[in-house]
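Asker: One file is attached below, work-v1.cif, containing mmCIF, C-alpha atoms.
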data_input
loop_
_atom_site.label_atom_id
_atom_site.label_comp_id
_atom_site.auth_asym_id
_atom_site.auth_seq_id
_atom_site.Cartn_x
_atom_site.Cartn_y
_atom_site.Cartn_z
CA ALA U 177 16.57 -10.70 -12.66
CA ALA U 178 16.59 -12.19 -9.20
CA ALA U 179 16.79 -15.97 -8.92
CA TYR U 180 13.66 -16.94 -7.00
CA ALA U 181 12.18 -20.41 -6.69
CA PRO U 182 9.23 -20.87 -9.12
CA HIS U 183 6.62 -21.10 -6.34
CA VAL U 184 7.92 -17.85 -4.80
CA LEU U 185 7.74 -16.09 -8.18
CA ALA U 186 4.17 -17.29 -8.65
CA HIS U 187 3.13 -15.88 -5.25
CA LEU U 188 4.91 -12.55 -5.78
CA SER U 189 3.47 -12.10 -9.26
CA ARG U 190 -0.07 -12.47 -7.86
CA ALA U 191 0.47 -9.70 -5.31
CA ALA U 192 -1.11 -6.54 -6.74
CA ALA U 193 1.04 -3.44 -6.29
CA ASP U 194 -0.33 0.03 -5.57
CA ALA U 195 0.87 3.16 -7.42
CA SER U 196 4.01 3.34 -5.25
CA GLY U 197 5.09 -0.21 -6.18
CA ARG U 198 4.06 -1.74 -2.82
CA ALA U 199 2.32 -5.13 -2.96
CA PRO U 200 0.95 -6.35 0.41
CA LEU U 201 1.74 -9.99 1.13
CA VAL U 202 0.51 -10.19 4.76
CA SER U 203 -1.78 -7.66 6.45
CA GLU U 204 -2.21 -6.87 10.13
CA GLY U 205 -4.02 -9.65 11.96
CA GLN U 206 -3.01 -12.35 9.48
CA ALA U 207 0.17 -13.47 11.26
CA ALA U 208 1.38 -13.52 14.84
CA TYR U 209 4.02 -10.90 15.69
CA LEU U 210 3.82 -9.37 12.22
CA ASN U 211 1.85 -6.21 11.42
CA ALA U 212 2.63 -6.23 7.70
CA LEU U 213 4.77 -7.88 5.05
CA ALA U 214 5.02 -6.26 1.63
CA MET U 215 7.01 -6.52 -1.58
CA TYR U 216 8.28 -3.26 -3.04
CA ARG U 217 9.17 -2.90 -6.71
CA LEU U 218 10.56 0.62 -6.99
CA SER U 219 11.33 2.31 -10.28
CA ALA U 220 14.50 4.34 -10.79
CA ASN U 221 14.45 7.87 -9.33
CA THR U 222 11.65 7.04 -6.86
CA ARG U 223 11.17 8.13 -3.25
CA GLU U 224 8.64 6.45 -0.95
CA LEU U 225 7.94 7.33 2.68
CA GLY U 226 8.39 4.45 5.13
CA ARG U 227 5.09 3.10 6.46
CA GLN U 228 6.20 2.55 10.02
CA ARG U 229 3.94 3.37 12.97
CA PRO U 230 5.07 4.27 16.50
CA GLY U 231 6.01 1.12 18.38
CA GLU U 232 6.93 -0.81 15.21
CA THR U 233 10.36 -1.99 14.13
CA GLN U 234 10.75 -2.00 10.35
CA LEU U 235 12.92 -4.55 8.52
CA TYR U 236 13.90 -4.32 4.87
CA PHE U 237 15.36 -7.26 2.92
CA GLY U 238 17.08 -6.44 -0.38
CA LEU U 239 16.24 -8.74 -3.31
CA SER U 240 17.58 -7.03 -6.44
CA GLY U 241 18.84 -3.72 -7.75
CA ARG U 242 20.09 -0.97 -5.45
CA CYS U 243 18.19 1.50 -3.34
CA ALA U 244 18.64 3.06 0.09
CA VAL U 245 16.83 4.02 3.26
CA ALA U 246 17.36 7.59 4.44
CA ALA U 247 16.49 8.72 7.97
CA GLY U 248 16.67 12.10 9.59
CA GLY U 249 18.59 13.68 6.73
CA GLU U 250 21.86 12.36 8.18
CA GLU U 251 21.71 8.57 8.00
CA ARG U 252 21.56 6.58 4.77
CA GLU U 253 22.13 2.85 4.23
CA GLU U 254 22.19 1.01 0.91
CA ILE U 255 19.90 -1.95 0.30
CA ARG U 256 20.74 -4.58 -2.32
CA ARG U 257 20.49 -8.37 -2.55
CA GLY U 258 21.85 -9.86 0.68
CA VAL U 259 21.44 -6.71 2.81
CA THR U 260 18.98 -6.57 5.68
CA LEU U 261 18.22 -3.21 7.22
CA LEU U 262 16.49 -2.50 10.52
CA VAL U 263 14.83 0.85 11.33
CA ARG U 264 14.32 1.72 15.00
CA PRO U 265 10.70 2.03 16.19
CA GLY U 266 8.93 5.21 15.13
CA ALA U 267 11.87 6.62 13.17
CA PRO U 268 10.73 8.66 10.15
CA HIS U 269 12.47 7.37 7.03
CA GLU U 270 12.06 6.97 3.30
CA LEU U 271 13.04 4.54 0.59
CA VAL U 272 15.20 6.12 -2.11
CA ALA U 273 15.65 4.28 -5.42
CA ASP U 274 18.31 5.83 -7.64
CA GLU U 275 17.91 2.71 -9.81
CA ALA U 276 15.14 0.11 -9.95
CA CYS U 277 15.10 -2.25 -6.98
CA GLU U 278 13.03 -4.93 -5.27
CA LEU U 279 12.82 -5.47 -1.53
CA VAL U 280 10.59 -6.98 1.11
CA ALA U 281 9.47 -4.90 4.10
CA ALA U 282 8.29 -6.36 7.41
CA SER U 283 6.64 -4.32 10.18
CA LEU U 284 6.97 -5.91 13.61
CA PRO U 285 5.13 -4.74 16.76
CA SER U 286 8.03 -4.14 19.13
CA GLY U 287 7.28 -1.16 21.33
CA SER U 288 10.17 1.10 22.24
CA TRP U 289 13.55 -0.51 22.61
CA LEU U 290 14.94 -0.72 26.13
CA ASP U 291 18.55 0.13 25.22
CA GLY U 292 17.94 3.84 25.78
CA ALA U 293 19.69 4.75 22.54
CA THR U 294 18.13 6.87 19.83
CA SER U 295 20.87 6.37 17.26
CA PRO U 296 21.87 4.95 14.99
CA VAL U 297 18.37 4.83 13.56
CA LEU U 298 19.43 2.43 10.79
CA LEU U 299 21.22 -0.87 11.47
CA ALA U 300 22.42 -2.93 8.48
CA ALA U 301 23.68 -6.48 8.02
CA ASP U 302 25.35 -7.60 4.80
CA ASP U 303 25.58 -11.28 3.79
CA GLU U 304 28.81 -10.57 1.87
CA LYS U 305 30.51 -9.60 5.14
CA LEU U 306 29.70 -12.90 6.87
CA THR U 307 32.67 -15.17 7.34
CA SER U 308 32.48 -18.70 5.93
CA GLN U 309 31.73 -21.45 8.42
CA THR U 310 32.28 -25.19 8.04
CA THR U 311 29.07 -27.22 8.21
CA ALA U 312 28.37 -30.89 8.86
CA HIS U 313 28.48 -31.35 5.08
CA LYS U 314 32.16 -30.35 4.95
CA SER U 315 31.15 -27.30 2.93
CA ALA U 316 33.14 -24.08 3.13
CA LEU U 317 29.94 -22.08 3.48
CA LEU U 318 27.22 -22.00 6.08
CA SER U 319 24.16 -22.45 3.89
CA LYS U 320 20.86 -24.20 4.28
CA ARG U 321 18.03 -24.63 1.83
CA VAL U 322 14.61 -23.98 3.33
CA HIS U 323 11.52 -25.41 1.68
CA PHE U 324 8.16 -23.81 2.28
CA LYS U 325 4.89 -25.69 2.30
CA ARG U 326 1.51 -24.26 3.22
CA GLY U 327 1.54 -23.90 7.02
CA LEU U 328 5.02 -25.42 7.37
CA VAL U 329 8.58 -24.16 7.06
#
How does this structure look as structure tokens?

Answerer:
Amino acid sequence: AAAYAPHVLAHLSRAAADASGRAPLVSEGQAAYLNALAMYRLSANTRELGRQRPGETQLYFGLSGRCAVAAGGEEREEIRRGVTLLVRPGAPHELVADEACELVAASLPSGSWLDGATSPVLLAADDEKLTSQTTAHKSALLSKRVHFKRGLV
């Protein structure tokens, strides 16, 4: 099981999931610059179409288990704890869970990107590939603990 803070677990457990395993956390109009934020709990051997609209950039944050995002039949990127995946605006894609996984999806109103590129559709970042950085605390790792409080980060 993923190691979440108790207050995060309490919030996530209250979010009611639909038949696909998607539990909305934030809906359109509830947050600036965010169309939607949802928790996905996908069962093994599940496929779920991405819910991205034209002009939206989709971000996926892996929490536990392993699943993937497939786009265009040619691109596929794995999502697991520590992996963040970005899907270009309007790109058709689907979540593929070969084993059970949990992830958070964020839909951001972005419009079309100005870089002129159409590929790659999927862009991934993996925490395990980050190099260690010295901090003011003489630690070998760049890490910060963030505490959330209603209306304040």

Asker: Can you pull out the residues contacting Val263 in chain U? Cut-off 8 Å, using all atoms listed in the file, and skip same-chain residues under 3 positions away; I want them as a tab-separated table (two decimals) with C-alpha atoms, keeping the file's coordinate frame.

Answerer:
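Just written: out15.tsv:
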chain	number	residue	atom	x	y	z
U	233	THR	CA	10.36	-1.99	14.13
U	234	GLN	CA	10.75	-2.00	10.35
U	235	LEU	CA	12.92	-4.55	8.52
U	267	ALA	CA	11.87	6.62	13.17
U	297	VAL	CA	18.37	4.83	13.56
U	298	LEU	CA	19.43	2.43	10.79
U	299	LEU	CA	21.22	-0.87	11.47

Asker: Quick one: residues within 6 Å of range 207-220 of chain U, all atoms listed in the file counted, chain neighbours fewer than 4 positions away excluded, as a list in words?

Answerer: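 Once the adjacent positions are removed, what remains is Gly197, Arg198, Ala199, Pro200, Leu201, Val202, Ser203, Ala273, Asp274, Glu275, Ala276, Cys277, Glu278, Leu279, Val280, Ala281, Ala282, Ser283 and Leu284 of chain U.
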
Asker: Which residues, named as in the file, does the PyMOL selection byres ((chain U and resi 288-292) around 7) pick out? Answer as a ChimeraX atom specification.

Answerer: /U:231,265,286-287,293-294

Asker: Which residues, named as in the file, does the PyMOL selection byres ((chain U and resi 227) around 9) pick out? Answer as a PyMOL selection string.

Answerer: chain U and resi 224-226+228-229+234+268-270+283

Asker: CA of Asp302 in chain U to CA of Ala244 in chain U: how many Å, to one decimal?

Answerer: 13.4 Å

Asker: Please compute the CA of Pro296 in chain U-CA of Glu232 in chain U distance, one decimal, in Å.

Answerer: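 So the answer is 16.0 Å.
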
Asker: Neighbours of Arg257 in chain U within 9 Å (all atoms listed in the file; same-chain residues fewer than 3 positions away dropped), as a ChimeraX atom specification?

Answerer: /U:178,237-242,260,278-279,302-303

Asker: Please produce an output containing C-alpha atoms for each residue in the selection, written as an mmCIF file, in the frame of the given file.

Answerer:
data_model
loop_
_atom_site.group_PDB
_atom_site.id
_atom_site.type_symbol
_atom_site.label_atom_id
_atom_site.label_comp_id
_atom_site.auth_asym_id
_atom_site.auth_seq_id
_atom_site.Cartn_x
_atom_site.Cartn_y
_atom_site.Cartn_z
ATOM 1 C CA ALA U 178 16.590 -12.190 -9.200
ATOM 2 C CA PHE U 237 15.360 -7.260 2.920
ATOM 3 C CA GLY U 238 17.080 -6.440 -0.380
ATOM 4 C CA LEU U 239 16.240 -8.740 -3.310
ATOM 5 C CA SER U 240 17.580 -7.030 -6.440
ATOM 6 C CA GLY U 241 18.840 -3.720 -7.750
ATOM 7 C CA ARG U 242 20.090 -0.970 -5.450
ATOM 8 C CA THR U 260 18.980 -6.570 5.680
ATOM 9 C CA GLU U 278 13.030 -4.930 -5.270
ATOM 10 C CA LEU U 279 12.820 -5.470 -1.530
ATOM 11 C CA ASP U 302 25.350 -7.600 4.800
ATOM 12 C CA ASP U 303 25.580 -11.280 3.790
#

Asker: Report, in Å to a single decimal, how far apart CA of Leu271 in chain U and CA of Thr222 in chain U are.

Answerer: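 Atom-to-atom, CA of Thr222 in chain U to CA of Leu271 in chain U, that is 8.0 Å.
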
Asker: With 6 Å on each side, where is the centre of the axis-aligned box around all listed atoms of range 261-271 of chain U, and how long are its edges in Å to one decimal, as JSON?

Answerer:
{"center_x": 13.6, "center_y": 2.7, "center_z": 8.4, "size_x": 21.3, "size_y": 23.9, "size_z": 27.6}

Asker: With all atoms listed in the file as the basis for distance, which of U:Gly258, U:Pro285, U:Gly248, U:Gly266 is at the shortest distance from Glu304 in chain U?

Answerer: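 Smallest distance to Glu304 in chain U is found for U:Gly258.
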